[in-house]
Amino acid sequence: MNANEHDHVIEVTDLRRVYGGGFEAVRGITFHVKRGEVFALLGTNGAGKTSTVELLEGLARPAGGRVRVLGHDPHSDRAAVRPRTGVMLQEGGFPAELTVAETARMWAGCVSGARPYVDVLDLVGLAGKAGVRVKQLSGGERRRLDLALALLGDPEVLFLDEPTTGLDAEGRRDTWELVRALRDAGTTVLLTTHYLEEAEGLADRLAILHEGRIAASGTPAEVTAAQPARISFELPEGYFVGDLPPLDTLGVLAHEVDGRVVRLRTRELQRAATGVLVWAERAGVELRRLDVRSASLEEAFLGIAREASAEADARGEAVAA
């Protein structure tokens, strides 16, 4: 193993994917994933997440750019990469008449160095369903079976495409704990998800895709820190927003008033919150419904999507002009 493979298990450089008719689904993205890291790809439908993951899995050849997984081209060096990776697709498409155990046993016969399938079924909570036919499983149970088959080869790199879709809250939490345990054991995990709470809780780093480009990347904290925090409260009767200290002196970027409720946006949360609370103390008033919080990943995601759309519209108008 060379030093580069140890540091960056997945390397993506200026990656492009073009479908028939010239539609460019992935438009020159660059990122890397370190060994033993959980990396999340986020984006709205059509952002390019699955198109990117399929290139990393070696299912297609890029239209441009470079992909390396474990130091190899996953498409042309598939024989070197595939035995060391596990893949959980959005939908498995298993034979409906086979039982869970038969499906796992069949799949194990296609995997190099497969783990005992009974151990993997137990790992994902399906040991009690071993004799049940696939067609009788719930949607969430089928997702667990998808995950079990992806883990049969004890992969170094695990690709999870929407792993908790269809799971109930308990199943989702169990899957999160399993992913964390795999990461702690050294498995590198790349996942796509629509659940922003999932990405925020699992990912060491993430990238937000928008129309085939990376709009933001970094740790969840870094991505959310780029968006304004918010403070909201209800002013007492007889007080108005103009009674507050000048908002620009508190680092407030924007504000809105809804009846007696005031909402402030700021990138300097401590400064703004301190200024508001000191004013309330000196004025001898109580700020009811006080809520002070940093931006969530959901707010960051929506803000980034709006900004990217506005920039795209601006580019389009400039070209048209």
# chains A, B, ... in the order shown; residues from 1 in each chain; ligands from 1

$ select_by_dssp --residues "segment 23-200 of chain A" --states "alpha helix (DSSP H)" --output "PyMOL selection string"
chain A and resi 49-56+78-81+100-108+117-123+139-151+169-184+196-200

$ closest_atom_pairs --of "segment 141-212 of chain A" --to "segment 281-296 of chain A" --cutoff "12 Å" --atoms "only C-alpha atoms" --output "JSON lines"
{"residue": "A:Leu196", "atom": "CA", "partner": "A:Ser296", "partner_atom": "CA", "distance": 9.1}
{"residue": "A:Glu197", "atom": "CA", "partner": "A:Ser296", "partner_atom": "CA", "distance": 9.0}
{"residue": "A:Ala199", "atom": "CA", "partner": "A:Ser296", "partner_atom": "CA", "distance": 11.4}
{"residue": "A:Glu200", "atom": "CA", "partner": "A:Ser296", "partner_atom": "CA", "distance": 8.8}
{"residue": "A:Gly201", "atom": "CA", "partner": "A:Ser296", "partner_atom": "CA", "distance": 11.6}

$ closest_residue --among "A:Gly86, A:Gly140, A:Pro74, A:Gly65" --to "Leu158 of chain A" --atoms "only C-alpha atoms"
A:Gly86

$ select_by_dssp --residues "segment 140-204 of chain A" --states "strand (DSSP E)" --output "VMD selection string"
chain A and resid 157 to 161 188 to 192

$ atom_distance --atom1 "atom CA of Val67 of chain A" --atom2 "atom CA of Leu55 of chain A"
7.7 Å

$ residues_around --residues "segment 141-157 of chain A" --least-positions-apart "5" --cutoff "9 Å" --atoms "only C-alpha atoms" --output "MDAnalysis selection string"
chainID A and resid 9:10 35:36 69:70 83:92 94 100 103:104 107:108 111:117 120:126 129 134 163:167 171 175 186:190

$ write_last_selection --atoms "N, CA and C atoms" --output "short mmCIF file (atom, residue, chain, number, x, y, z; two decimals), in the first residue's frame"
data_model
loop_
_atom_site.label_atom_id
_atom_site.label_comp_id
_atom_site.auth_asym_id
_atom_site.auth_seq_id
_atom_site.Cartn_x
_atom_site.Cartn_y
_atom_site.Cartn_z
N VAL A 9 -8.48 7.20 0.35
CA VAL A 9 -9.01 5.95 -0.18
C VAL A 9 -9.80 6.21 -1.46
N ILE A 10 -10.49 7.34 -1.51
CA ILE A 10 -11.22 7.75 -2.71
C ILE A 10 -10.69 9.10 -3.16
N ARG A 35 -9.18 7.35 4.66
CA ARG A 35 -9.41 6.02 5.22
C ARG A 35 -10.10 6.15 6.59
N GLY A 36 -11.11 5.31 6.81
CA GLY A 36 -11.81 5.32 8.09
C GLY A 36 -12.68 6.54 8.29
N VAL A 69 -10.11 4.60 -6.52
CA VAL A 69 -10.61 3.97 -5.30
C VAL A 69 -9.57 2.95 -4.87
N LEU A 70 -9.05 3.12 -3.67
CA LEU A 70 -7.97 2.24 -3.18
C LEU A 70 -6.79 2.23 -4.15
N PRO A 83 -13.44 -6.68 -5.10
CA PRO A 83 -13.43 -7.55 -3.91
C PRO A 83 -13.23 -6.80 -2.60
N ARG A 84 -12.78 -5.56 -2.67
CA ARG A 84 -12.47 -4.79 -1.46
C ARG A 84 -13.55 -3.76 -1.14
N THR A 85 -14.63 -3.75 -1.91
CA THR A 85 -15.69 -2.77 -1.70
C THR A 85 -17.03 -3.46 -1.50
N GLY A 86 -17.93 -2.77 -0.80
CA GLY A 86 -19.30 -3.22 -0.65
C GLY A 86 -20.22 -2.15 -1.18
N VAL A 87 -21.30 -2.57 -1.84
CA VAL A 87 -22.21 -1.61 -2.49
C VAL A 87 -23.64 -1.89 -2.06
N MET A 88 -24.29 -0.85 -1.57
CA MET A 88 -25.71 -0.93 -1.25
C MET A 88 -26.44 0.03 -2.18
N LEU A 89 -27.14 -0.53 -3.17
CA LEU A 89 -27.86 0.29 -4.14
C LEU A 89 -29.16 0.81 -3.54
N GLN A 90 -29.82 1.73 -4.25
CA GLN A 90 -31.10 2.24 -3.77
C GLN A 90 -32.15 1.15 -3.73
N GLU A 91 -32.02 0.15 -4.62
CA GLU A 91 -32.98 -0.95 -4.64
C GLU A 91 -32.26 -2.20 -5.11
N GLY A 92 -32.39 -3.30 -4.35
CA GLY A 92 -31.61 -4.50 -4.63
C GLY A 92 -32.17 -5.38 -5.73
N PHE A 94 -34.09 -8.36 -5.42
CA PHE A 94 -33.83 -9.76 -5.10
C PHE A 94 -34.95 -10.66 -5.64
N VAL A 100 -34.78 -15.05 3.05
CA VAL A 100 -33.67 -14.16 3.41
C VAL A 100 -32.37 -14.95 3.49
N THR A 103 -31.19 -16.02 0.01
CA THR A 103 -30.64 -14.87 -0.72
C THR A 103 -29.23 -14.55 -0.25
N ALA A 104 -29.05 -14.52 1.06
CA ALA A 104 -27.73 -14.21 1.61
C ALA A 104 -26.72 -15.29 1.26
N TRP A 107 -25.75 -14.94 -2.39
CA TRP A 107 -24.87 -13.79 -2.59
C TRP A 107 -23.48 -14.08 -2.05
N ALA A 108 -23.40 -14.79 -0.94
CA ALA A 108 -22.10 -15.13 -0.36
C ALA A 108 -21.27 -15.96 -1.32
N VAL A 111 -19.13 -13.76 -3.54
CA VAL A 111 -18.24 -12.80 -2.88
C VAL A 111 -16.96 -13.48 -2.45
N SER A 112 -15.82 -12.86 -2.74
CA SER A 112 -14.54 -13.41 -2.32
C SER A 112 -14.38 -13.25 -0.80
N GLY A 113 -14.05 -14.34 -0.12
CA GLY A 113 -13.80 -14.27 1.31
C GLY A 113 -15.00 -13.82 2.12
N ALA A 114 -16.18 -14.32 1.74
CA ALA A 114 -17.41 -13.88 2.41
C ALA A 114 -17.42 -14.28 3.88
N ARG A 115 -17.98 -13.40 4.71
CA ARG A 115 -18.22 -13.70 6.10
C ARG A 115 -19.40 -14.68 6.20
N PRO A 116 -19.53 -15.41 7.30
CA PRO A 116 -20.72 -16.26 7.47
C PRO A 116 -21.99 -15.41 7.36
N TYR A 117 -22.88 -15.80 6.47
CA TYR A 117 -24.04 -14.96 6.21
C TYR A 117 -24.94 -14.84 7.44
N VAL A 120 -23.86 -11.85 9.42
CA VAL A 120 -24.22 -10.57 8.81
C VAL A 120 -25.72 -10.29 8.99
N LEU A 121 -26.54 -11.32 8.85
CA LEU A 121 -27.98 -11.12 9.07
C LEU A 121 -28.25 -10.70 10.50
N ASP A 122 -27.51 -11.26 11.44
CA ASP A 122 -27.65 -10.86 12.84
C ASP A 122 -27.21 -9.42 13.04
N LEU A 123 -26.16 -9.02 12.34
CA LEU A 123 -25.62 -7.68 12.46
C LEU A 123 -26.64 -6.62 12.08
N VAL A 124 -27.46 -6.92 11.07
CA VAL A 124 -28.44 -5.93 10.60
C VAL A 124 -29.84 -6.18 11.17
N GLY A 125 -29.96 -7.13 12.11
CA GLY A 125 -31.23 -7.36 12.76
C GLY A 125 -32.21 -8.20 11.96
N LEU A 126 -31.71 -9.08 11.08
CA LEU A 126 -32.59 -9.93 10.27
C LEU A 126 -32.48 -11.41 10.61
N LYS A 129 -35.60 -13.25 10.67
CA LYS A 129 -36.36 -13.30 9.41
C LYS A 129 -35.71 -14.23 8.40
N VAL A 134 -38.43 -13.17 0.57
CA VAL A 134 -38.14 -11.75 0.32
C VAL A 134 -39.41 -10.97 0.03
N PRO A 163 -29.23 4.69 2.42
CA PRO A 163 -29.30 3.45 3.19
C PRO A 163 -30.49 3.31 4.12
N THR A 164 -31.11 4.40 4.56
CA THR A 164 -32.18 4.26 5.54
C THR A 164 -33.56 4.61 4.99
N THR A 165 -33.68 4.74 3.68
CA THR A 165 -34.98 4.97 3.08
C THR A 165 -35.92 3.80 3.40
N GLY A 166 -37.09 4.11 3.92
CA GLY A 166 -38.06 3.07 4.24
C GLY A 166 -37.95 2.51 5.64
N LEU A 167 -36.90 2.87 6.37
CA LEU A 167 -36.75 2.37 7.73
C LEU A 167 -37.54 3.23 8.71
N GLY A 171 -35.13 1.55 13.25
CA GLY A 171 -34.26 0.95 12.26
C GLY A 171 -33.21 1.92 11.77
N THR A 175 -29.16 1.48 12.16
CA THR A 175 -28.25 1.57 11.01
C THR A 175 -27.17 2.59 11.26
N GLY A 186 -12.41 0.98 10.99
CA GLY A 186 -11.52 1.31 9.88
C GLY A 186 -12.15 1.30 8.51
N THR A 187 -13.45 0.98 8.40
CA THR A 187 -14.11 0.98 7.10
C THR A 187 -14.35 2.42 6.63
N THR A 188 -14.06 2.67 5.37
CA THR A 188 -14.35 3.97 4.76
C THR A 188 -15.76 3.90 4.17
N VAL A 189 -16.60 4.88 4.50
CA VAL A 189 -18.00 4.86 4.08
C VAL A 189 -18.32 6.11 3.28
N LEU A 190 -18.87 5.92 2.09
CA LEU A 190 -19.40 7.04 1.32
C LEU A 190 -20.90 6.80 1.17
#

$ residues_around --residues "Ile304 of chain A" --least-positions-apart "3" --cutoff "12 Å" --atoms "only C-alpha atoms" --output "list in words"
Leu42, Gly43, Thr44, Ala207, Ile208, Leu209, His210, Glu211, Arg213, Ile214, Ala215, Ala216, Ser217, Val223, Thr224, Ala226, Gln227, Pro228, Leu297, Glu298, Glu299, Ala300, Phe301, Glu307, Ala308, Ser309, Ala310 and Glu311 of chain A

$ closest_residue --among "A:Leu235, A:Ala25, A:Leu269, A:Leu41" --to "Thr192 of chain A" --atoms "only C-alpha atoms"
A:Leu41
